[in-house]
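Structure below is target.txt: compact mmCIF, C-alpha atoms.
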# COMPACT_ATOMS: atom_id res chain seq x y z
CA MET A 16 23.85 20.02 50.22
CA GLU A 17 24.21 23.52 48.79
CA ASP A 18 21.05 24.65 47.02
CA MET A 19 21.98 24.85 43.35
CA ALA A 20 18.51 25.78 42.16
CA ALA A 21 19.24 29.48 41.91
CA ALA A 22 22.61 31.18 41.59
CA ALA A 23 21.94 34.84 42.08
CA PRO A 24 25.19 36.82 41.90
CA GLU A 25 27.20 36.56 45.14
CA ALA A 26 27.48 39.51 47.49
CA GLY A 27 31.03 40.79 47.99
CA ALA A 28 32.02 40.13 44.36
CA GLN A 29 32.82 42.97 41.94
CA GLN A 30 29.79 45.22 41.58
CA ALA A 31 27.91 46.13 38.43
CA GLN A 32 24.66 47.65 37.15
CA TYR A 33 21.96 45.34 35.86
CA VAL A 34 20.32 47.31 33.05
CA TYR A 35 16.60 46.96 32.35
CA CYS A 36 16.07 49.64 29.73
CA LEU A 37 16.91 53.12 28.58
CA ALA A 38 14.34 55.90 28.74
CA LEU A 39 13.86 59.45 27.56
CA GLY A 40 14.11 61.02 31.00
CA LYS A 41 16.48 63.37 32.83
CA GLU A 42 15.53 63.04 36.46
CA ASP A 43 17.13 60.91 39.14
CA VAL A 44 14.41 58.58 40.35
CA ARG A 45 14.15 55.62 42.66
CA LEU A 46 11.38 53.19 41.71
CA GLY A 47 11.61 51.02 44.83
CA GLY A 48 12.09 47.27 45.13
CA ILE A 49 10.41 46.32 41.86
CA GLY A 50 13.48 44.74 40.31
CA ILE A 51 14.75 41.16 40.19
CA ASP A 52 14.56 39.52 43.65
CA GLY A 53 13.10 42.76 45.00
CA SER A 54 16.16 44.85 44.04
CA GLU A 55 15.95 48.61 44.32
CA VAL A 56 15.61 50.08 40.84
CA TYR A 57 16.87 53.58 40.14
CA SER A 58 17.88 55.74 37.21
CA ILE A 59 21.37 56.70 36.04
CA VAL A 60 21.14 59.85 33.97
CA HIS A 61 23.24 61.27 31.20
CA ASN A 62 21.97 64.49 29.65
CA ASP A 63 18.31 63.78 28.82
CA ILE A 64 18.40 59.99 28.68
CA CYS A 65 18.61 57.56 31.56
CA ALA A 66 19.17 53.90 32.23
CA LEU A 67 16.99 52.00 34.69
CA VAL A 68 19.23 49.73 36.76
CA HIS A 69 19.77 47.90 39.98
CA ARG A 70 23.17 47.33 41.57
CA CYS A 71 24.38 43.76 41.60
CA PRO A 72 27.53 41.64 41.56
CA ALA A 73 29.14 41.40 38.14
CA SER A 74 27.98 37.97 37.06
CA PRO A 75 24.90 36.82 35.18
CA TYR A 76 21.74 35.51 36.79
CA GLN A 77 21.53 31.76 36.26
CA ALA A 78 18.89 29.36 37.51
CA GLU A 79 18.30 25.66 37.02
CA ASP A 80 14.77 26.06 38.37
CA ASP A 81 12.50 27.31 35.55
CA LYS A 82 10.11 28.90 38.04
CA ILE A 83 12.88 31.09 39.45
CA ALA A 84 14.12 32.05 35.97
CA ARG A 85 10.56 32.97 34.93
CA GLY A 86 10.21 35.11 38.04
CA TRP A 87 13.36 37.01 37.14
CA VAL A 88 12.22 37.57 33.55
CA THR A 89 8.80 38.73 34.80
CA ALA A 90 10.49 41.25 37.10
CA HIS A 91 12.68 42.42 34.21
CA HIS A 92 9.61 43.15 32.09
CA ARG A 93 7.76 44.71 35.00
CA VAL A 94 10.48 47.35 35.34
CA ILE A 95 10.39 48.04 31.60
CA GLU A 96 6.60 48.49 31.68
CA THR A 97 6.86 50.81 34.70
CA ALA A 98 9.47 52.94 32.93
CA TRP A 99 7.37 52.97 29.77
CA LYS A 100 4.29 54.19 31.62
CA ARG A 101 6.33 56.88 33.34
CA TRP A 102 8.39 58.24 30.43
CA GLY A 103 6.50 57.12 27.33
CA ALA A 104 9.61 56.13 25.37
CA VAL A 105 11.89 53.25 26.35
CA LEU A 106 14.44 51.00 24.70
CA PRO A 107 14.11 47.60 26.39
CA VAL A 108 17.39 45.79 26.99
CA THR A 109 17.93 42.02 26.89
CA PHE A 110 17.66 40.10 30.14
CA ASN A 111 21.02 39.71 31.91
CA THR A 112 22.63 42.86 30.49
CA ILE A 113 25.15 43.73 33.19
CA ILE A 114 27.71 46.55 33.03
CA LYS A 115 30.68 46.20 35.38
CA GLU A 116 31.65 49.11 37.57
CA ARG A 117 35.07 50.69 37.22
CA GLU A 118 37.24 52.37 39.85
CA ARG A 119 35.75 55.82 39.18
CA GLY A 120 32.54 54.86 40.95
CA PRO A 121 29.16 53.18 40.64
CA GLY A 122 27.47 53.86 37.33
CA GLU A 123 30.39 55.73 35.71
CA ASN A 124 31.09 52.96 33.24
CA LEU A 125 27.45 52.93 32.20
CA ILE A 126 27.42 56.71 31.83
CA ASP A 127 30.52 56.48 29.62
CA ARG A 128 28.67 53.98 27.41
CA MET A 129 25.64 56.29 27.21
CA LYS A 130 27.93 59.25 26.33
CA LEU A 131 29.58 57.25 23.57
CA ASP A 132 26.31 56.22 21.95
CA TYR A 133 24.23 59.23 22.99
CA GLY A 134 23.24 60.32 19.48
CA VAL A 135 22.12 56.87 18.41
CA LEU A 136 20.29 56.14 21.67
CA LYS A 137 18.53 59.51 21.68
CA GLY A 138 17.48 58.98 18.06
CA LYS A 139 16.07 55.53 18.80
CA LEU A 140 14.19 56.79 21.84
CA GLU A 141 12.69 59.71 19.95
CA ALA A 142 11.60 57.29 17.22
CA VAL A 143 9.35 55.43 19.66
CA VAL A 144 7.76 58.39 21.49
CA GLY A 145 3.98 58.01 21.50
CA LYS A 146 4.16 54.57 19.93
CA ALA A 147 3.53 51.05 21.15
CA GLU A 148 4.22 47.58 19.88
CA TYR A 149 1.33 45.32 18.93
CA VAL A 150 1.49 41.66 17.97
CA VAL A 151 -0.76 40.88 15.01
CA GLN A 152 -1.46 37.27 14.10
CA VAL A 153 -3.69 36.10 11.27
CA PHE A 154 -4.96 32.52 11.17
CA TRP A 155 -6.86 30.56 8.60
CA ASP A 156 -8.79 27.32 8.53
CA PRO A 157 -7.16 25.16 5.81
CA ALA A 158 -10.32 23.07 5.33
CA ILE A 159 -12.48 26.12 4.57
CA VAL A 160 -9.85 27.75 2.35
CA SER A 161 -9.22 24.50 0.42
CA LYS A 162 -12.95 24.23 -0.25
CA GLN A 163 -13.05 27.83 -1.52
CA VAL A 164 -10.10 27.12 -3.79
CA THR A 165 -11.53 23.90 -5.26
CA GLU A 166 -14.77 25.69 -6.10
CA THR A 167 -13.01 28.38 -8.11
CA VAL A 168 -10.59 26.34 -10.25
CA PRO A 169 -12.31 24.65 -13.26
CA GLU A 170 -9.54 22.07 -13.76
CA MET A 171 -10.38 20.52 -10.41
CA GLY A 172 -13.96 19.85 -11.37
CA GLU A 173 -12.78 18.12 -14.55
CA LEU A 174 -10.25 16.01 -12.64
CA ARG A 175 -12.86 14.99 -10.10
CA ALA A 176 -15.24 13.92 -12.84
CA GLU A 177 -12.48 11.85 -14.48
CA LEU A 178 -11.58 10.15 -11.19
CA ASN A 179 -14.76 8.14 -10.82
CA SER A 180 -14.45 6.49 -14.21
CA LYS A 181 -10.92 5.18 -13.63
CA PRO A 182 -9.74 1.82 -12.27
CA ARG A 183 -8.33 1.67 -8.73
CA GLY A 184 -4.66 2.43 -9.40
CA LEU A 185 -5.39 5.30 -11.78
CA GLN A 186 -7.95 6.69 -9.33
CA TYR A 187 -5.19 6.85 -6.73
CA MET A 188 -2.80 8.66 -9.09
CA TYR A 189 -5.45 11.13 -10.23
CA SER A 190 -6.51 11.83 -6.64
CA GLN A 191 -2.86 12.53 -5.79
CA LYS A 192 -2.70 14.88 -8.76
CA LEU A 193 -5.83 16.62 -7.50
CA GLU A 194 -4.38 16.94 -3.99
CA ASN A 195 -1.22 18.46 -5.47
CA LEU A 196 -3.25 20.93 -7.48
CA VAL A 197 -5.28 21.95 -4.43
CA ARG A 198 -2.09 22.36 -2.40
CA LYS A 199 -0.50 24.60 -5.06
CA GLN A 200 -3.63 26.74 -5.37
CA VAL A 201 -3.83 27.09 -1.58
CA GLU A 202 -0.17 28.18 -1.51
CA LEU A 203 -0.87 30.77 -4.20
CA LYS A 204 -3.86 32.03 -2.23
CA ALA A 205 -1.75 32.22 0.93
CA SER A 206 0.84 34.37 -0.86
CA ALA A 207 -1.84 36.62 -2.32
CA ASP A 208 -3.60 36.95 1.04
CA VAL A 209 -0.38 37.82 2.86
CA MET A 210 0.33 40.59 0.33
CA ASP A 211 -3.26 41.83 0.58
CA PHE A 212 -3.33 41.90 4.39
CA TYR A 213 0.14 43.44 4.60
CA GLY A 214 -1.10 46.16 2.26
CA ARG A 215 -4.11 46.81 4.50
CA LEU A 216 -1.99 47.05 7.66
CA SER A 217 0.90 49.13 6.29
CA PRO A 218 -0.92 52.49 6.31
CA CYS A 219 -1.84 51.96 9.97
CA VAL A 220 1.62 51.25 11.35
CA ASP A 221 5.03 52.94 11.47
CA LYS A 222 7.04 49.73 11.20
CA ILE A 223 6.39 46.04 10.75
CA ASN A 224 8.65 43.16 11.70
CA VAL A 225 7.68 39.85 10.11
CA GLU A 226 8.15 37.13 12.71
CA LYS A 227 8.27 33.37 12.27
CA ASN A 228 4.88 31.65 12.05
CA LYS A 229 4.04 29.40 14.98
CA PRO A 230 1.88 26.26 15.11
CA GLY A 231 -1.85 27.08 15.14
CA GLU A 232 -4.53 25.64 17.39
CA ASP A 233 -7.90 23.96 16.87
CA GLY A 234 -7.09 22.98 13.29
CA LYS A 235 -6.15 26.52 12.25
CA GLU A 236 -2.84 27.56 10.71
CA MET A 237 -0.96 30.79 11.31
CA LEU A 238 -0.68 32.81 8.12
CA MET A 239 1.04 35.91 9.47
CA ASN A 240 2.88 36.78 12.65
CA LEU A 241 3.81 40.46 12.85
CA SER A 242 5.24 42.87 15.38
CA CYS A 243 3.91 46.33 14.58
CA LEU A 244 5.03 49.71 15.89
CA VAL A 245 1.88 51.83 16.02
CA ARG A 246 1.25 55.48 16.82
CA ALA A 247 -1.47 56.06 19.37
CA ASP A 248 -3.63 57.92 16.84
CA LYS A 249 -3.40 55.04 14.34
CA TYR A 250 -4.51 52.27 16.68
CA ARG A 251 -8.18 52.60 15.72
CA ASP A 252 -7.29 52.26 12.01
CA LEU A 253 -5.35 49.09 12.82
CA GLU A 254 -8.33 47.67 14.71
CA LEU A 255 -10.67 48.42 11.81
CA ALA A 256 -8.31 46.88 9.22
CA LEU A 257 -7.95 43.73 11.31
CA GLY A 258 -11.69 43.59 11.85
CA ASP A 259 -12.18 43.46 8.07
CA VAL A 260 -9.70 40.58 7.80
CA GLY A 261 -11.29 38.69 10.68
CA ARG A 262 -14.70 38.86 9.00
CA LEU A 263 -13.46 36.97 5.90
CA GLU A 264 -14.73 33.39 5.89
CA GLY A 265 -12.13 31.00 7.28
CA TYR A 266 -9.92 33.73 8.77
CA SER A 267 -9.36 34.95 12.31
CA VAL A 268 -7.03 37.49 13.88
CA ARG A 269 -5.37 38.00 17.22
CA LEU A 270 -4.17 41.42 18.38
CA ALA A 271 -2.04 41.73 21.53
CA GLY A 272 -0.75 44.93 23.07
CA PRO A 273 0.05 47.69 23.73
CA LEU A 274 3.58 46.66 24.67
CA PRO A 275 6.87 48.55 25.03
CA PRO A 276 8.76 48.47 21.70
CA TYR A 277 10.75 45.27 22.38
CA SER A 278 11.14 44.47 18.68
CA PHE A 279 12.08 47.98 17.54
CA CYS A 280 15.13 49.00 19.55
CA MET B 1135 28.36 3.63 34.48
CA ASN B 1136 24.91 2.09 34.16
CA VAL B 1137 22.50 3.67 31.71
CA ASP B 1138 18.84 2.86 32.17
CA ILE B 1139 17.07 2.48 28.88
CA ASP B 1140 13.40 1.58 28.64
CA GLU B 1141 13.32 -1.27 26.15
CA LYS B 1142 9.87 -0.34 24.90
CA ASP B 1143 10.84 3.33 24.36
CA LEU B 1144 13.98 2.27 22.49
CA LYS B 1145 12.02 -0.13 20.28
CA ASN B 1146 9.35 2.47 19.55
CA GLY B 1147 11.95 5.13 18.83
CA LEU B 1148 13.89 2.94 16.39
CA LEU B 1149 10.77 1.63 14.68
CA GLY B 1150 9.41 5.14 14.44
CA LEU B 1151 12.62 6.27 12.77
CA VAL B 1152 12.64 3.37 10.31
CA VAL B 1153 8.98 3.79 9.34
CA ALA B 1154 9.41 7.57 9.03
CA LEU B 1155 12.25 6.98 6.56
CA VAL B 1156 10.12 4.46 4.63
CA GLU B 1157 7.34 7.06 4.44
CA ILE B 1158 9.77 9.70 3.15
CA ILE B 1159 11.02 7.31 0.45
CA LYS B 1160 7.40 6.48 -0.47
CA ASP B 1161 6.55 10.20 -0.72
CA THR B 1162 9.58 10.74 -2.95
CA LEU B 1163 8.47 7.89 -5.21
CA ARG B 1164 4.98 9.34 -5.34
CA LEU B 1165 6.32 12.78 -6.33
CA GLN B 1166 8.44 11.23 -9.05
CA ALA B 1167 5.43 9.27 -10.32
CA LEU B 1168 3.31 12.43 -10.40
CA ARG B 1169 6.02 14.31 -12.27
CA ARG B 1170 6.20 11.56 -14.90
CA MET B 1171 2.41 11.51 -15.07
CA GLU B 1172 2.41 15.29 -15.73
CA ASN B 1173 5.00 15.05 -18.49
CA GLY B 1174 3.27 12.05 -20.10
CA SER B 1175 6.19 9.63 -19.88
CA LEU B 1176 4.08 6.81 -18.38
CA THR B 1177 1.44 4.75 -20.17
CA GLN B 1178 -2.01 4.35 -18.63
CA ASP B 1179 -1.16 0.74 -17.80
CA GLU B 1180 2.07 1.81 -16.05
CA LEU B 1181 0.18 4.49 -14.14
CA GLU B 1182 -2.44 1.96 -13.06
CA ARG B 1183 0.20 -0.49 -11.77
CA LEU B 1184 2.18 2.30 -10.06
CA GLY B 1185 -0.99 3.67 -8.47
CA GLU B 1186 -1.96 0.25 -7.13
CA ALA B 1187 1.55 -0.33 -5.73
CA LEU B 1188 1.64 3.06 -4.00
CA MET B 1189 -1.86 2.55 -2.60
CA ASP B 1190 -0.93 -0.85 -1.22
CA LEU B 1191 2.26 0.62 0.27
CA ASP B 1192 0.22 3.41 1.89
CA ALA B 1193 -2.16 0.88 3.41
CA ALA B 1194 0.68 -1.35 4.65
CA ILE B 1195 2.51 1.54 6.35
CA THR B 1196 -0.70 2.77 7.97
CA LYS B 1197 -1.48 -0.71 9.30
CA MET B 1198 2.08 -1.12 10.61
CA LYS B 1199 1.87 2.17 12.47
CA VAL B 1200 -1.47 1.28 14.04
CA ASP B 1201 -0.55 -2.31 14.94
CA MET B 1202 2.75 -1.28 16.53
CA GLY B 1203 1.40 1.88 18.16
CA ILE B 1204 4.10 4.05 16.60
CA SER B 1205 1.99 6.67 14.79
CA GLU B 1206 3.05 9.38 17.24
CA SER B 1207 6.75 8.34 17.06
CA VAL B 1208 6.69 8.55 13.27
CA LYS B 1209 4.94 11.94 13.39
CA ALA B 1210 7.52 13.22 15.89
CA VAL B 1211 10.44 12.10 13.71
CA ARG B 1212 8.96 13.75 10.61
CA ASN B 1213 8.12 16.97 12.44
CA GLY B 1214 11.66 17.07 13.82
CA LEU B 1215 13.14 16.61 10.37
CA ASP B 1216 10.84 19.29 8.93
CA ARG B 1217 11.96 21.75 11.62
CA ALA B 1218 15.63 20.95 11.06
CA ILE B 1219 15.30 21.53 7.32
CA ALA B 1220 13.34 24.75 7.85
CA ASP B 1221 16.10 26.07 10.11
CA ILE B 1222 18.78 25.19 7.57
CA VAL B 1223 16.85 26.85 4.72
CA GLU B 1224 16.24 29.95 6.81
CA GLY B 1225 19.93 30.07 7.65
CA ILE B 1226 20.77 30.06 3.96
CA VAL B 1227 18.05 32.54 2.95
CA SER B 1228 18.52 34.99 5.84
CA PRO B 1229 22.01 34.48 7.29
CA ASP B 1230 22.17 38.01 8.72
CA ASP B 1231 18.74 38.04 10.32
CA PRO B 1232 19.41 39.72 13.71
CA LYS B 1233 16.77 37.57 15.35
CA ARG B 1234 18.87 34.52 14.58
CA GLN B 1235 21.98 36.02 16.10
CA ALA B 1236 22.73 36.96 19.71
CA VAL B 1237 21.26 40.33 20.63
CA GLU B 1238 23.77 42.89 21.83
CA ALA B 1239 22.94 45.24 24.61
CA CYS B 1240 21.89 48.69 23.51

Encoding of this model in structure tokens:
Amino acid sequence: MEDMAAAAPEAGAQQAQYVYCLALGKEDVRLGGIGIDGSEVYSIVHNDICALVHRCPASPYQAEDDKIARGWVTAHHRVIETAWKRWGAVLPVTFNTIIKERERGPGENLIDRMKLDYGVLKGKLEAVVGKAEYVVQVFWDPAIVSKQVTETVPEMGELRAELNSKPRGLQYMYSQKLENLVRKQVELKASADVMDFYGRLSPCVDKINVEKNKPGEDGKEMLMNLSCLVRADKYRDLELALGDVGRLEGYSVRLAGPLPPYSFC
Amino acid sequence: MNVDIDEKDLKNGLLGLVVALVEIIKDTLRLQALRRMENGSLTQDELERLGEALMDLDAAITKMKVDMGISESVKAVRNGLDRAIADIVEGIVSPDDPKRQAVEAC
């Protein structure tokens, strides 16, 4: 039976360039077999920008086997990281971006696309020179924060005192009221904290993308999930600002990077 | 075409769905009761009876979940519904968010 686990593009079909990223570079280079399935990666240059590509048939990479697909994606990112280390400014391109070749020759179609969008591409590349992406995540422990909130709101103390003197059914209703009050106060604190922390991070970064919060671990909840574009000389400020947040009782931070500017191209 | 269905999985799935819906209705009733409590439209006696009824309902649902071993099924249904609603709300609030749309090649 034919192996359907991995359908790499067939040889002999129409050819194309698989594009990994664009970079601020003007030399023709060959980076060796670091691409998907060991493909030879090389640059196609227009003026002072280049695309890092490998030649492939003009159909997307598709795999039913997750392990194979993950290997391809890993190779895709490996090429982007290599280009980033070499040229310092890259615009990563989505996996499976494939530009068909035309009759004029290999790479000409891609060069035409780079010519067409040269100004915009050059501008975007220059905007990320000397900068890296960092993922910043802030977590909090809801139990600790709820306790802090209940200690600072007088109405809660009064409600709690009333609870014990009530019959069973009323106790239940008053405890639900108390829970609601705690929940609202915690939500208000969350909003205030997000504004506060955002304010602390803003001076340290060039750009911030607010990402979706993800489920926390070990009983903690994610409060903020940010992608930050940071200049090299501002990284220390970012570390210090995050350190201050992480030292607050009930809060913790995670900082990942440096990464190529995936979220800012 | 034969379809193999595990009878136990099917039973758990359906029961989980039913109990999740009962929980959602109970939570809605509780919210309504709290709202009426806040605006003073219930007497103390009415609040007491409502509180007792909701407490007993809470206890009955909890016991049902434990006895039938469907706590995880119920949790999964409610988490799934929460995610679906969050996606819909986000779609309304941020319809043009590029992260929600297909990314075009540079």

With chain B as the partner and 7 Å as the cut-off, tabulate the residues of chain A that qualify, each row holding the nearest pair of atoms and their distance in Å to one decimal, using all atoms listed in the file, sorted by chain and rising number, as a tab-separated table.
residue	atom	partner	partner_atom	distance
A:Val108	CA	B:Ala1239	CA	6.1
A:Thr109	CA	B:Ala1239	CA	6.4
A:Thr112	CA	B:Ala1239	CA	6.4
A:Arg183	CA	B:Glu1186	CA	6.7
A:Gly184	CA	B:Gly1185	CA	4.0
A:Leu185	CA	B:Glu1182	CA	4.6
A:Tyr187	CA	B:Gly1185	CA	5.5
A:Met188	CA	B:Gly1185	CA	5.3
A:Lys192	CA	B:Leu1168	CA	6.7

| note | Shortest contact to Lys41 in chain A, candidates A:Pro230, A:Gly258, A:His61, A:Gln152, atoms counted only C-alpha atoms, goes to A:His61

| task | Would you work out the distance separating CA of Glu123 in chain A from CA of Phe279 in chain A, expressed in Å to one decimal? | result |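 Atom-to-atom, CA of Glu123 in chain A to CA of Phe279 in chain A, that is 26.9 Å.
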
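CA of Phe154 in chain A is found 20.7 Å from CA of Asp1216 in chain B.
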
| task | Excluding Leu257 in chain A and residues on its chain fewer than 5 positions from it, collect all residues at most 12 Å away from it, counting only C-alpha atoms, and give them as a VMD selection string. | result | chain A and resid 150 to 154 211 to 217 219 250 to 252 262 to 263 266 to 271

| message | Residues near Gln163 in chain A, anyone? I mean within 10 Å using only C-alpha atoms, not counting same-chain ones fewer than 4 positions away, as a list in words. | response | Pro157, Ala158, Ile159, Thr167, Val168, Val201, Glu264 and Gly265 of chain A

Atoms to include: C-alpha atoms. Write the selected residues as a PDB file, in the coordinates of the input.
ATOM      1  CA  PRO A 157      -7.160  25.160   5.810  1.00  0.00           C
ATOM      2  CA  ALA A 158     -10.320  23.070   5.330  1.00  0.00           C
ATOM      3  CA  ILE A 159     -12.480  26.120   4.570  1.00  0.00           C
ATOM      4  CA  THR A 167     -13.010  28.380  -8.110  1.00  0.00           C
ATOM      5  CA  VAL A 168     -10.590  26.340 -10.250  1.00  0.00           C
ATOM      6  CA  VAL A 201      -3.830  27.090  -1.580  1.00  0.00           C
ATOM      7  CA  GLU A 264     -14.730  33.390   5.890  1.00  0.00           C
ATOM      8  CA  GLY A 265     -12.130  31.000   7.280  1.00  0.00           C
TER       9      GLY A 265
END

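When CA of Ile64 in chain A is paired with CA of Ala104 in chain A, their separation reads 10.2 Å.
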
| field | Near-range 195-198 of chain A list (8 Å; all atoms listed in the file; drop same-chain fewer than 5 positions) as a PyMOL selection string | value | chain A and resi 161+164-165+171

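Each of B:Gly1150, B:Arg1212, B:Glu1224, B:Ser1175 was compared to Met1198 in chain B using all atoms listed in the file, and B:Gly1150 turns out to be the nearest.
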